[in-house]
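Undergrad: This is the content of data39.tsv (TSV, C-alpha atoms and all ligand atoms):
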```
chain	number	residue	atom	x	y	z
Q	1	MET	CA	83.46	85.91	85.95
Q	2	ILE	CA	86.95	85.29	87.24
Q	3	SER	CA	87.34	86.09	90.92
Q	4	LEU	CA	90.15	88.39	91.89
Q	5	PHE	CA	91.87	85.51	93.55
Q	6	GLU	CA	92.26	83.64	90.27
Q	7	GLN	CA	93.30	86.50	88.06
Q	8	HIS	CA	96.78	86.51	86.60
Q	9	PHE	CA	99.27	89.11	87.62
Q	10	VAL	CA	102.67	89.88	86.26
Q	11	PHE	CA	105.50	90.70	88.57
Q	12	ARG	CA	108.86	92.18	87.89
Q	13	ILE	CA	111.25	90.05	89.85
Q	14	ASP	CA	113.72	92.75	90.76
Q	15	SER	CA	111.14	95.08	92.27
Q	16	LYS	CA	107.39	94.96	92.58
Q	17	ALA	CA	104.39	94.31	90.40
Q	18	ILE	CA	104.19	96.75	87.57
Q	19	CYS	CA	101.84	95.57	84.84
Q	20	ASN	CA	98.83	93.42	84.16
Q	21	ASP	CA	99.94	91.31	81.23
Q	22	ILE	CA	98.22	87.95	81.37
Q	23	SER	CA	100.30	85.96	78.90
Q	24	GLY	CA	101.10	83.42	81.58
Q	25	VAL	CA	104.69	82.86	80.51
Q	26	TRP	CA	108.10	84.11	81.44
Q	27	LYS	CA	109.23	86.96	79.29
Q	28	ASN	CA	111.85	89.63	78.99
Q	29	CYS	CA	110.64	93.15	78.72
Q	30	ALA	CA	112.60	96.39	78.89
Q	31	ASN	CA	115.64	94.59	80.32
Q	32	SER	CA	113.68	93.16	83.21
Q	33	VAL	CA	112.48	89.63	83.75
Q	34	TYR	CA	108.79	89.21	84.34
Q	35	ILE	CA	106.96	86.29	85.76
Q	36	CYS	CA	103.27	85.72	85.36
Q	37	VAL	CA	101.53	83.92	88.20
Q	38	LYS	CA	98.06	83.32	89.44
Q	39	ARG	CA	96.98	85.43	92.35
Q	40	LYS	CA	96.92	82.48	94.72
Q	41	ASN	CA	100.49	81.57	93.86
Q	42	TYR	CA	101.82	85.07	93.88
Q	43	LEU	CA	102.96	85.14	97.48
Q	44	LYS	CA	105.05	82.06	96.99
Q	45	ALA	CA	106.42	83.10	93.61
Q	46	PHE	CA	107.41	86.46	94.95
Q	47	ALA	CA	108.83	85.09	98.18
Q	48	ASP	CA	111.00	82.66	96.24
Q	49	THR	CA	112.47	85.37	94.06
Q	50	SER	CA	112.83	88.33	96.37
Q	51	SER	CA	115.93	89.04	98.43
Q	52	ILE	CA	113.64	90.65	101.00
Q	53	PHE	CA	113.24	87.18	102.46
Q	54	THR	CA	116.87	86.11	102.51
Q	55	LYS	CA	118.85	89.12	103.70
Q	56	ASN	CA	118.90	89.36	107.50
Q	57	TRP	CA	116.46	86.47	107.66
Q	58	LYS	CA	116.96	85.02	111.12
Q	59	ASN	CA	114.32	83.06	112.98
Q	60	SER	CA	116.06	82.91	116.32
Q	61	THR	CA	117.01	86.58	116.59
Q	62	PHE	CA	114.14	88.97	116.92
Q	63	ALA	CA	116.18	92.14	116.38
Q	64	TYR	CA	119.03	91.81	113.89
Q	65	LYS	CA	120.51	95.28	114.37
Q	66	ASP	CA	121.09	96.64	110.91
Q	67	LYS	CA	123.85	99.25	110.68
Q	68	PHE	CA	122.39	102.74	110.47
Q	69	PRO	CA	119.00	104.12	109.56
Q	70	PRO	CA	119.02	105.89	106.20
Q	71	ASP	CA	119.00	109.70	106.09
Q	72	SER	CA	115.66	109.38	104.41
Q	73	VAL	CA	113.78	106.61	102.66
Q	74	LEU	CA	110.59	106.51	100.62
Q	75	ILE	CA	108.57	103.44	101.55
Q	76	THR	CA	105.67	102.41	99.37
Q	77	TYR	CA	103.86	100.27	101.88
Q	78	LEU	CA	100.84	99.49	99.77
Q	79	ASP	CA	101.10	98.92	96.06
Q	80	ASP	CA	98.16	98.01	93.88
Q	81	GLN	CA	98.68	94.27	94.26
Q	82	ASP	CA	98.92	94.33	98.04
Q	83	LYS	CA	96.26	94.79	100.65
Q	84	TYR	CA	96.11	95.65	104.33
Q	85	VAL	CA	94.16	94.84	107.45
Q	86	ILE	CA	94.29	96.70	110.78
Q	87	PRO	CA	95.60	94.00	113.19
Q	88	VAL	CA	93.22	94.91	116.05
Q	89	ILE	CA	90.71	97.74	116.14
Q	90	ASP	CA	90.42	99.06	119.68
Q	91	ARG	CA	91.65	101.96	121.78
Q	92	ILE	CA	95.35	102.78	122.06
Q	93	ASN	CA	96.56	102.66	125.66
Q	94	SER	CA	100.07	103.86	124.99
Q	95	GLY	CA	101.84	105.32	121.99
Q	96	PHE	CA	105.29	105.41	120.39
Q	97	LYS	CA	107.19	107.57	122.86
Q	98	LEU	CA	109.77	107.83	125.60
Q	99	ARG	CA	108.17	106.21	128.66
Q	100	ASN	CA	109.79	106.10	132.10
Q	101	GLY	CA	113.23	106.62	130.64
Q	102	THR	CA	113.05	103.93	127.97
Q	103	PHE	CA	111.63	104.22	124.52
Q	104	HIS	CA	108.31	102.47	123.88
Q	105	LYS	CA	108.84	101.33	120.31
Q	106	GLY	CA	105.25	100.61	119.38
Q	107	LEU	CA	101.57	101.02	120.17
Q	108	ASP	CA	99.75	99.24	122.99
Q	109	ILE	CA	96.32	98.40	121.67
Q	110	HIS	CA	93.67	97.21	124.12
Q	111	LEU	CA	92.16	93.74	123.52
Q	112	THR	CA	90.98	90.60	125.34
Q	113	ARG	CA	92.38	87.08	125.45
Q	114	THR	CA	89.92	85.97	122.78
Q	115	THR	CA	90.62	88.79	120.33
Q	116	PRO	CA	92.09	87.48	117.06
Q	117	VAL	CA	95.19	89.39	115.98
Q	118	LYS	CA	95.61	89.73	112.20
Q	119	ALA	CA	98.56	90.19	109.87
Q	120	ALA	CA	98.73	93.79	108.62
Q	121	PHE	CA	100.03	93.07	105.09
Q	122	ASN	CA	100.94	90.06	102.98
Q	123	GLY	CA	104.29	88.60	103.99
Q	124	LYS	CA	106.31	85.81	105.54
Q	125	VAL	CA	106.63	84.97	109.24
Q	126	ARG	CA	110.22	85.49	110.38
Q	127	TYR	CA	109.75	84.86	114.10
Q	128	ALA	CA	107.00	83.07	116.05
Q	129	ARG	CA	108.05	82.00	119.52
Q	130	PHE	CA	108.28	83.05	123.15
Q	131	ASN	CA	110.63	85.99	123.64
Q	132	THR	CA	112.30	86.34	127.02
Q	133	GLY	CA	113.13	90.03	126.45
Q	134	GLY	CA	109.65	91.16	127.51
Q	135	TYR	CA	107.69	90.59	124.31
Q	136	GLY	CA	106.23	87.26	125.48
Q	137	ASN	CA	104.75	85.27	122.62
Q	138	LEU	CA	105.88	87.31	119.65
Q	139	VAL	CA	105.18	87.10	115.92
Q	140	ILE	CA	107.29	89.10	113.47
Q	141	ILE	CA	106.16	89.24	109.85
Q	142	ARG	CA	108.33	90.59	107.07
Q	143	HIS	CA	106.24	92.09	104.30
Q	144	PHE	CA	106.69	92.40	100.58
Q	145	ASN	CA	106.93	96.15	101.07
Q	146	GLY	CA	110.12	95.63	103.09
Q	147	LEU	CA	108.61	96.53	106.46
Q	148	GLU	CA	108.44	94.22	109.47
Q	149	THR	CA	105.53	94.22	111.90
Q	150	TYR	CA	105.74	92.94	115.50
Q	151	TYR	CA	102.80	91.47	117.41
Q	152	ALA	CA	103.69	90.90	121.08
Q	153	HIS	CA	102.20	89.43	124.29
Q	154	LEU	CA	99.97	86.94	122.41
Q	155	SER	CA	98.32	84.19	124.45
Q	156	ARG	CA	98.41	81.79	121.49
Q	157	LEU	CA	100.53	81.55	118.33
Q	158	ASP	CA	98.66	80.44	115.22
Q	159	VAL	CA	101.49	80.69	112.68
Q	160	LYS	CA	104.88	79.08	112.18
Q	161	GLU	CA	108.19	80.57	111.17
Q	162	ASP	CA	108.77	80.78	107.39
Q	163	GLN	CA	105.05	80.53	106.74
Q	164	LEU	CA	103.58	82.81	104.09
Q	165	VAL	CA	100.59	84.82	105.28
Q	166	GLN	CA	98.12	87.11	103.60
Q	167	ALA	CA	96.90	90.34	105.16
Q	168	GLY	CA	94.10	89.52	107.57
Q	169	LYS	CA	95.37	86.04	108.46
Q	170	VAL	CA	94.82	85.39	112.19
Q	171	ILE	CA	98.31	84.95	113.61
Q	172	GLY	CA	97.34	84.45	117.25
Q	173	LEU	CA	95.12	85.56	120.11
Q	174	GLY	CA	95.50	88.56	122.39
Q	175	GLY	CA	97.15	88.18	125.76
Q	176	ASN	CA	99.66	89.54	128.23
Q	177	THR	CA	102.52	87.05	128.03
Q	178	GLY	CA	105.85	88.62	128.89
Q	179	VAL	CA	104.10	91.41	130.82
Q	180	LYS	CA	104.16	91.48	134.58
Q	181	TRP	CA	101.76	94.19	135.64
Q	182	SER	CA	99.23	94.91	132.95
Q	183	GLY	CA	96.26	93.22	131.36
Q	184	PRO	CA	95.96	91.91	127.81
Q	185	HIS	CA	97.06	94.25	125.06
Q	186	LEU	CA	98.72	94.02	121.68
Q	187	HIS	CA	102.15	95.64	121.52
Q	188	PHE	CA	102.39	96.47	117.83
Q	189	GLU	CA	105.56	97.71	116.15
Q	190	VAL	CA	106.51	98.64	112.61
Q	191	ARG	CA	110.18	98.46	111.65
Q	192	TYR	CA	112.23	99.21	108.57
Q	193	HIS	CA	115.57	97.35	108.54
Q	194	ASP	CA	115.08	96.80	112.27
Q	195	PHE	CA	114.56	100.50	112.98
Q	196	ALA	CA	111.21	101.11	114.63
Q	197	PHE	CA	109.08	104.09	113.68
Q	198	ASP	CA	105.68	105.27	114.83
Q	199	PRO	CA	102.97	102.90	113.47
Q	200	GLU	CA	100.56	105.83	113.62
Q	201	LYS	CA	102.51	107.40	110.76
Q	202	ILE	CA	100.94	104.82	108.47
Q	203	PHE	CA	97.98	103.31	110.36
Q	204	SER	CA	95.01	105.06	111.91
Q	205	ILE	CA	93.90	102.37	114.36
Q	206	LYS	CA	90.98	104.52	115.51
Q	207	ASP	CA	89.60	105.04	112.02
Q	208	SER	CA	90.67	101.60	110.84
Q	209	VAL	CA	92.43	102.86	107.73
Q	210	LEU	CA	95.86	103.23	106.21
Q	211	LEU	CA	97.04	106.81	105.89
Q	212	GLY	CA	97.92	106.83	102.20
Q	213	ASP	CA	100.13	104.30	100.44
Q	214	LYS	CA	103.65	105.67	100.87
Q	215	ILE	CA	105.72	107.63	103.32
Q	216	LEU	CA	109.00	109.54	103.29
Q	217	LEU	CA	110.77	108.71	106.54
Q	218	LYS	CA	113.64	110.77	107.87
Q	219	LYS	CA	116.36	109.69	110.26
Q	220	ALA	CA	114.57	111.37	113.16
Q	221	ASP	CA	111.56	109.12	112.63
Q	222	PHE	CA	113.50	106.04	113.64
Q	223	HIS	CA	113.37	105.29	117.31
Q	224	SER	CA	116.74	103.55	117.56
Q	225	VAL	CA	118.55	106.80	117.01
Q	226	ILE	CA	116.75	108.42	119.90
Q	227	ALA	CA	117.10	105.38	122.13
Q	228	ALA	CA	120.74	104.82	121.31
Q	229	SER	CA	121.58	108.44	121.96
Q	230	ARG	CA	120.10	108.45	125.45
Q	231	LYS	CA	121.38	106.55	128.44
Q	232	TYR	CA	120.30	106.78	132.07
Q	233	HIS	CA	121.99	105.87	135.33
Q	234	ARG	CA	120.34	105.11	138.67
Q	235	ILE	CA	122.41	106.63	141.49
Q	236	LYS	CA	123.85	104.29	144.12
Q	237	SER	CA	125.45	105.11	147.45
Q	238	GLY	CA	128.52	107.36	147.19
Q	239	GLU	CA	128.12	108.25	143.50
Q	240	THR	CA	128.51	111.86	142.37
Q	241	LEU	CA	128.19	113.75	139.09
Q	242	SER	CA	131.99	113.70	138.73
Q	243	TYR	CA	131.93	109.93	139.14
Q	244	LEU	CA	129.27	109.66	136.38
Q	245	ALA	CA	131.28	111.95	134.12
Q	246	VAL	CA	134.32	109.68	134.38
Q	247	ARG	CA	132.35	106.46	134.15
Q	248	TYR	CA	130.44	107.50	131.02
Q	249	ASN	CA	133.31	109.38	129.41
Q	250	THR	CA	131.57	112.75	129.51
Q	251	THR	CA	131.73	115.95	131.59
Q	252	VAL	CA	129.69	117.31	134.50
Q	253	SER	CA	128.59	120.31	132.44
Q	254	LYS	CA	127.34	118.04	129.64
Q	255	ILE	CA	125.35	115.97	132.16
Q	256	LEU	CA	123.79	119.15	133.60
Q	257	LYS	CA	122.88	120.34	130.10
Q	258	ILE	CA	120.84	117.19	129.34
Q	259	ASN	CA	119.19	117.14	132.80
Q	260	PRO	CA	117.43	120.54	132.92
Q	261	LYS	CA	116.15	119.96	136.47
Q	262	LEU	CA	119.68	119.60	137.86
Q	263	ASN	CA	122.26	122.25	138.68
Q	264	ILE	CA	125.75	122.08	140.10
Q	265	ASN	CA	124.41	122.46	143.67
Q	266	SER	CA	121.70	119.80	143.37
Q	267	ILE	CA	121.76	117.03	145.92
Q	268	ILE	CA	122.24	113.72	144.14
Q	269	GLY	CA	120.24	111.17	146.12
Q	270	ILE	CA	120.35	107.40	146.03
Q	271	GLY	CA	117.87	106.02	143.50
Q	272	MET	CA	117.78	109.18	141.36
Q	273	LYS	CA	117.73	108.56	137.64
Q	274	ILE	CA	120.14	110.74	135.72
Q	275	ARG	CA	120.58	110.99	131.98
Q	276	VAL	CA	124.23	110.52	131.10
Q	277	ARG	CA	124.06	110.55	127.25
Y	301	ZN	ZN	104.00	98.11	124.46
```
Can you give me the file's structure in the form of structure tokens?
TA:
Amino acid sequence: MISLFEQHFVFRIDSKAICNDISGVWKNCANSVYICVKRKNYLKAFADTSSIFTKNWKNSTFAYKDKFPPDSVLITYLDDQDKYVIPVIDRINSGFKLRNGTFHKGLDIHLTRTTPVKAAFNGKVRYARFNTGGYGNLVIIRHFNGLETYYAHLSRLDVKEDQLVQAGKVIGLGGNTGVKWSGPHLHFEVRYHDFAFDPEKIFSIKDSVLLGDKILLKKADFHSVIAASRKYHRIKSGETLSYLAVRYNTTVSKILKINPKLNINSIIGIGMKIRVR
């Protein structure tokens, strides 16, 4: 019996796997070029032919800031040739939400310093280094489905940039690098074209399963929109609402509207945090 790993698969180069022909040769079919590869070579064959791994492929920059999130996009995150692994199965300490005035773009999953952290899907490592922006030791994997996953605060990195990885590959160990005040946890993000959305829309960490195989995401699902649209200011000595209105090119009434706890007679004290956008 042939193991799954040695079976042949046929891939359409301009999209994803679509049929199971095992002829083993290049061929043209319905105006598309197909390549037949063995399972164990498929990652490499696909990586070499897919623009997913060339466009916005930067090792040194963790966030590449693509232009705008799409109005809506259908993402098939698991096709029949792919597989998935839940990176760490443990309790979630913090979710994808606005937290203390800044947006928390991922899930914080509890772990220990010896917990292996695993790649969620097959893909290629885009970033594996220490990040000074608060992520600590960070691995970013770009997947064949077009998504990127972020694994932050690792105590050890076990992969290198540009390395191909299969789902389940241990990419490092849990830790709290880049974090000042909390214990070890995995900060786990899922991004599409650099726009983060809630990982719990596709993963159930608790039940250790994927929720389906595709998702229709709308603009509102992407964190960057929310984060970019909100800005806060910490009041210093002598600053007033009129001062903020001028400084942030807005009006006092607009500031009051987005800060429901404030009114025109409120006393603006030093250290107060006020939303200005
Ligand atoms: Zn976090």
Undergrad: Could you tell me how far CA of Ser204 (chain Q) sits from CA of Ile86 (chain Q), in Å to one decimal place?
TA: 8.5 Å
Undergrad: Measuring atom to atom with all atoms listed in the file, identify which of Q:Ile109, Q:Leu157, Q:Ile92, Q:Ala120 is nearest to Leu210 (chain Q).
TA: Q:Ala120
Undergrad: Let me make sure I understand: among Q:Lys206, Q:His143, Q:Arg277, Q:His233, which one has the smallest atom-to-atom distance to Ser253 (chain Q) if we use only C-alpha atoms?
TA: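 Using only C-alpha atoms, the shortest distance to Ser253 (chain Q) belongs to Q:Arg277.
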Undergrad: Report as a list of chain:residue names which protein, DNA and RNA residues come within 8 Å of ligand ZN 301 (chain Y), using all atoms listed in the file.
TA: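 After applying the 8 Å limit, what remains is Q:Ser94, Q:Gly95, Q:His104, Q:Lys105, Q:Gly106, Q:Leu107, Q:Asp108, Q:Ala152, Q:His185, Q:Leu186, Q:His187, Q:Phe188.
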Undergrad: Need to verify the contact set: Asn122 (chain Q), 10 Å, all atoms listed in the file, exclusion of same-chain residues closer than 5 positions in sequence. Can you return it as a list of chain:residue names?
TA: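 Within the cut-off, the hits are Q:Leu43, Q:Leu78, Q:Gln81, Q:Asp82, Q:Lys83, Q:Tyr84, Q:Val85, Q:Ile141, Q:Arg142, Q:His143, Q:Phe144, Q:Asn145, Q:Leu164, Q:Val165, Q:Gln166, Q:Ala167, Q:Gly168, Q:Lys169.
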Undergrad: Just give me the gap between CA of Asp194 (chain Q) and CA of Asp79 (chain Q) in Å, one decimal is fine.
TA: 21.5 Å
Undergrad: Go through Q:Met272, Q:Trp57, Q:Arg113, Q:Asp158 one by one, measure the shortest atom-to-atom distance of each to Lys236 (chain Q) using all atoms listed in the file, and give the residue with the smallest value.
TA: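 Checking each of Q:Met272, Q:Trp57, Q:Arg113, Q:Asp158 against Lys236 (chain Q), counting all atoms listed in the file, the winner is Q:Met272.
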Undergrad: How many Å lie between CA of Ile205 (chain Q) and CA of Ala128 (chain Q), rounded to one decimal?
TA: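 If I compute the distance from CA of Ile205 (chain Q) to CA of Ala128 (chain Q), I get 23.4 Å.
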Undergrad: Would you please work out which residue, of Q:Gly271, Q:Pro199, Q:Pro184, Q:Gly238, is nearest to Thr112 (chain Q) when using only C-alpha atoms?
TA: Q:Pro184
Undergrad: Would you kindly return, as a PyMOL selection string, each protein, DNA or RNA residue with an atom no farther than 10 Å from any atom of Asn56 (chain Q), considering all atoms listed in the file and excluding same-chain residues fewer than 2 positions away?
TA: chain Q and resi 51-54+58-59+61+63-66+126+193-194
Undergrad: Go ahead and write the residues just picked, C-alpha atoms, as a short mmCIF file (atom, residue, chain, number, x, y, z; two decimals), keeping the file's coordinate frame.
TA:
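That gives us part32.cif:
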```
data_model
loop_
_atom_site.label_atom_id
_atom_site.label_comp_id
_atom_site.auth_asym_id
_atom_site.auth_seq_id
_atom_site.Cartn_x
_atom_site.Cartn_y
_atom_site.Cartn_z
CA SER Q 51 115.93 89.04 98.43
CA ILE Q 52 113.64 90.65 101.00
CA PHE Q 53 113.24 87.18 102.46
CA THR Q 54 116.87 86.11 102.51
CA LYS Q 58 116.96 85.02 111.12
CA ASN Q 59 114.32 83.06 112.98
CA THR Q 61 117.01 86.58 116.59
CA ALA Q 63 116.18 92.14 116.38
CA TYR Q 64 119.03 91.81 113.89
CA LYS Q 65 120.51 95.28 114.37
CA ASP Q 66 121.09 96.64 110.91
CA ARG Q 126 110.22 85.49 110.38
CA HIS Q 193 115.57 97.35 108.54
CA ASP Q 194 115.08 96.80 112.27
#
```
Undergrad: Select, counting only C-alpha atoms, all protein, DNA and RNA residues no farther than 6 Å from (106.4, 84.0, 110.0) in file coordinates, and express the selection as an mmCIF file with C-alpha atoms, in the coordinates of the input.
TA:
```cif
data_model
loop_
_atom_site.group_PDB
_atom_site.id
_atom_site.type_symbol
_atom_site.label_atom_id
_atom_site.label_comp_id
_atom_site.auth_asym_id
_atom_site.auth_seq_id
_atom_site.Cartn_x
_atom_site.Cartn_y
_atom_site.Cartn_z
ATOM 1 C CA LYS Q 124 106.310 85.810 105.540
ATOM 2 C CA VAL Q 125 106.630 84.970 109.240
ATOM 3 C CA ARG Q 126 110.220 85.490 110.380
ATOM 4 C CA TYR Q 127 109.750 84.860 114.100
ATOM 5 C CA ILE Q 141 106.160 89.240 109.850
ATOM 6 C CA LYS Q 160 104.880 79.080 112.180
ATOM 7 C CA GLU Q 161 108.190 80.570 111.170
ATOM 8 C CA ASP Q 162 108.770 80.780 107.390
ATOM 9 C CA GLN Q 163 105.050 80.530 106.740
#
```
